[in-house]
Every structure is written in C-alpha cells, then in structure tokens.
Amino acid sequence: MVSRKPAAAEPQISTAEMVATSSKPAAAAPQIATAESATAEIVASEQRKDEPEPVAKRRRLRGKAQPTPQPTQDPLELLRLAGFTENECNRWKVFKFPPEVVYLVLAIKNSDKAPANCKLIEYFAGIEALVNRWTIAGHDALAFDKYSNQSAEDIAKFGVGDRHQDMCAPEGLVTALYYYFRGDTDALQWFATVCSTWIFMSRFTTGRSESVPMGNTTFGMVACANNMTARTGIVIALCYVQLKAWCLEQPDKSLMKCHTTLAFIKAVCDIIAPFPAGPLAFDWIEVVTHMGHFGAERPKKTELISNCNFIRQLQRLTPGPPGRVFPSMTESGIAFIRTDKRVTGKSDLKNTQAYTDDFADHVFEAWNGVWHGGDNSDRDVRVPLEHVLNRVNDNFAREAWAIAEVGEALQLFRAPV
C-alpha cells in the first residue's frame with residue numbers, strides 16, 4: 001500500500017478559457033480550408049438560425065417548412081481537417097453521432113491547445129483516490145467532480161458545486177470533453193457516474209426498473225441523471241472512436257447500463273464483436289468485484305464495465321477475504337427499514353462509496369502492467385462499415401444522443417451578436 005498525498009493541482013479553467021468565441025464570419029466562405037475556420041463556419045450557422053428572415057422570403061416560404069442552415073461541408077470532413085484519422089472517422093460513423101456532437105468536439109479541439117499528456121482522467125472523482133495514486137507514481141492526472149474545487153465550508157453553505165465540473169450543466173459537458181482530450185493515447189478514462197437514482201433502494205421513488213430504466217422523467221432528479229449518463233456515454237463512445245481505455249464503476253444491481261445511450265453503445269459493440277481488431281476495438285467487458293477485498297468497511301458488490309481486458313484483474317467473486325465478516329447495512333447504521341418494509345439509505349451511505357487506497361493500488365497496477373506504455377494509437381482498426389451501418393438502428397441512435405442535449409453546450413461557443 002502506498003501513502004496518500006494530495007494530487008497535483010489541477011488547471012483552473014475559467015469560462016473565458018474554455019469558451020472560445022469566434023469573430024464575426026466573413027460574408028462568403030463556401031469552403032472550409034482549416035479546422036479553425038470550420039469552427040467559425042459552425043458558429044456562423046448557429047447564429048443564422050436566430051436571424052429574422054426578410055419579409056419577401058417569409059412570403060415565399062409561407063406554409064412550407066423552414067430550411068435549417070447547415071455548415072457547407074460534411075461533418076466528417078471537418079473531423080479530418082481537425083486531425084482525426086480515416087479509421088477514426090469510420091468508427092465515428094458507426095455511432096451515428098448527430099452533427100451537433102461533431103461541432104462541439106471541433107469547437108473544443110480548436111480552442112484547446114493544451115498537451116494531451118495525462119495518464120488518468122477520473123470523472124466523478126470524489127476523494128480522488130485514483131488521481132492520488134497516479135500522481136504518486138509520477139503521472140499527470142485530472143479529476144472531474146462537481147465539488148472538487150470547493151471547500152467543505154462552501155459546500156455546506158451553498159451546496160451548488162462548480163458548474164464547470166457539473167455534467168448536467170453545459171459548462172460541465174465542455175469541461176468533461178476538454179479533459180477527455182487531455183488524456184494521452186494510453187490514458188485510462190474512469191467514470192464513477194452518480195448512481196443514487198439507479199440503485200435498487202431508490203426505485204420506488206424514481207420509477208426505474210429493468211423494463212423502464214429511464215424511470216419517471218417528470219422528476220427532476222431522474223431527468224438530470226438521465227442527461228448526466230447520456231453525456232457520460234458521449235465520452236465513452238469517443239473512447240471507442242479513438243481507441244482509448246475506459247471503465248465505468250457502478251454498485252451491483254445499478255440499472256445505469258440499461259440507460260438508452262449506454263444500451264445503444266453496447267448494441268454497436270455487439271454488432272461489431274464478430275470482427276475483433278485489437279484488445280479494445282469494440283469490446284464491452286463486465287466484471288463483478290467486491291470492495292471488501294480492498295479494505296472497505298462494507299463488501300459493496302460492484303460492477304465494472306470496460307473495453308479493456310486488464311479490468312478482469314480486479315474481479316473478486318466473494319464479499320471479502322476468507323474469515324472476514326461484515327455487518328449488515330442496518331447494523332452498520334447506513335440504512336434503515338421503513339414501516340412499509342422498504343430499505344432507505346442514511347446520509348452516511350455515501351461515505352461508503354469512496355475508494356480505498358488499496359483499491360486504487362490495484363487499479364493502477366492492472367493498468368500499469370498491461371496498458372501503460374503500449375502502442376495504443378490508431379493501429380489501423382478498420383470497421384466493416386458495409387456490414388455495420390445497416391444494422392445500427394437510426395432511431396435508436398437519435399434517441400440515444402438526444403438525451404444528452406448537446407445543443408446547450410454548443411451555445412457557449414456562439415459569437416456575440
């Protein structure tokens with residue numbers, strides 16, 4: 001076990017640094033010559049949507065559908081200009097991202113010139129146990145968490161968190177993608193996406209079930225969690241596009257993997273599975289472990305979902321080491337049984353979700369021994385497009401990505417009128 005030490009200070013990103021505003025576009029620019037001018041074209045297109053049409057034109061179009069202004073170039077061509085390889089563009093096609101996701105990715109890449117040298121991005125990082133472990137080993141790492149830049153006093157007083165690291169805020173989605181592109185080719189992108197509305201104890205309130213995983217979306221917390229998970233899915237899909245390692249950690253029986261966006265990503269992986277082309281081409285690996293094996297106070301049966309085989313090293317099928325006995329949740333005081341026989345978690349339940357130093361050690365050793373330092377670049381992984389595209393359902397794709405509401409994040413890049 002290694003001793004804990006604070007993680008290296010993260011770069012503080014202001015809205016001005018994150019949100020690149022383009023100058024007023026020129027009147028005539030039918031072709032986009034560079035990736036930077038591609039962003040300008042995107043911004044111009046978004047602005048034209050709000051411009052009033054001339055009266056004469058409105059008369060001619062009366063009773064007809066209004067045309068939607070679009071950039072003059074194919075979105076995938078814009079990706080190529082921004083440095084995406086042909087194979088990455090082909091993998092991009094497989095996920096059938098809407099143009100808005102392309103435009104947002106381009107806007108972030110064109111506004112961010114920071115080096116991609118981080119070896120770990122820990123999303124929803126909490127106490128940053130993984131970031132601390134990577135930092136101790138001498139690697140650059142970034143933590144994404146709503147409360148990571150706030151003191152305990154601020155959290156107690158305001159309770160609002162940092163919008164720039166709140167995945168449900170447009171600024172948070174921009175930061176998450178900014179951090180994603182800070183990751184090196186062999187970086188691990190680790191997600192502990194908030195599980196509170198997905199676990200079995202909340203199903204009566206949220207209305208979630210295996211048959212209705214999206215739950216009762218009239219509840220704000222359910223709709224917010226659905227949006228958060230869809231945006232997590234965008235980053236996960238990008239990991240497949242660029243062949244980067246990712247892992248999602250959830251409590252046992254969490255319904256998150258049934259979310260429409262994650263179910264769509266898994267469906268794409270299942271379609272491509274007969275065409276293996278590397279250790280993480282389009283793998284979807286599910287592993288069960290127990291935190292009781294890593295020094296946790298509770299056994300906490302946990303599911304790890306990843307595209308990397310090294311995650312299998314964390315599998316533990318029993319609650320803990322031989323001979324270790326764990327008290328029940330009610331005996332531990334972290335849950336109680338209501339009069340209607342439903343189990344409800346207490347405020348201390350959240351504290352049991354934090355990773356131990358021992359778990360962080362094992363995650364690091366699994367990554368370091370198998371993945372770190374390998375040639376994890378493009379590796380010429382070709383997707384059989386002619387076989388795959390016809391089998392990826394267009395309606396399923398549209399529904400999966402619509403939940404993320406990418407448009408509100410794209411609005412941050414609009415030039416002032």
# chains A, B, ... in the order shown; residues from 1 in each chain; ligands from 1
call {"tool": "closest_atom_pairs", "arguments": {"of": "segment 219-327 of chain A", "to": "segment 181-193 of chain A", "cutoff": "7 Å", "atoms": "only C-alpha atoms", "output": "CSV"}}
result
residue,atom,partner,partner_atom,distance
A:Lys244,CA,A:Thr185,CA,6.1
A:Ala245,CA,A:Leu188,CA,5.0
A:Trp246,CA,A:Gln189,CA,4.5
A:Cys247,CA,A:Trp190,CA,5.0
A:Leu248,CA,A:Phe191,CA,4.7
A:Glu249,CA,A:Ala192,CA,5.1
A:Gln250,CA,A:Ala192,CA,6.6
call {"tool": "atom_distance", "arguments": {"atom1": "atom CA of Ala223 of chain A", "atom2": "atom CA of Asp270 of chain A"}}
result
27.4 Å
call {"tool": "select_by_dssp", "arguments": {"residues": "segment 84-131 of chain A", "states": "helix (DSSP H, G or I)", "output": "ChimeraX atom specification"}}
result
/A:86-95,99-111,129-131
call {"tool": "closest_residue", "arguments": {"among": "A:Met214, A:Asn132, A:Asp166, A:Thr261", "to": "Phe359 of chain A", "atoms": "only C-alpha atoms"}}
result
A:Asn132
call {"tool": "closest_residue", "arguments": {"among": "A:Met221, A:Val102, A:Met256, A:Leu389", "to": "Phe84 of chain A", "atoms": "only C-alpha atoms"}}
result
A:Val102
call {"tool": "closest_residue", "arguments": {"among": "A:Ile234, A:Val174, A:Leu385, A:Val194", "to": "Phe97 of chain A", "atoms": "only C-alpha atoms"}}
result
A:Ile234
call {"tool": "atom_distance", "arguments": {"atom1": "atom CA of Trp92 of chain A", "atom2": "atom CA of Trp284 of chain A"}}
result
17.2 Å
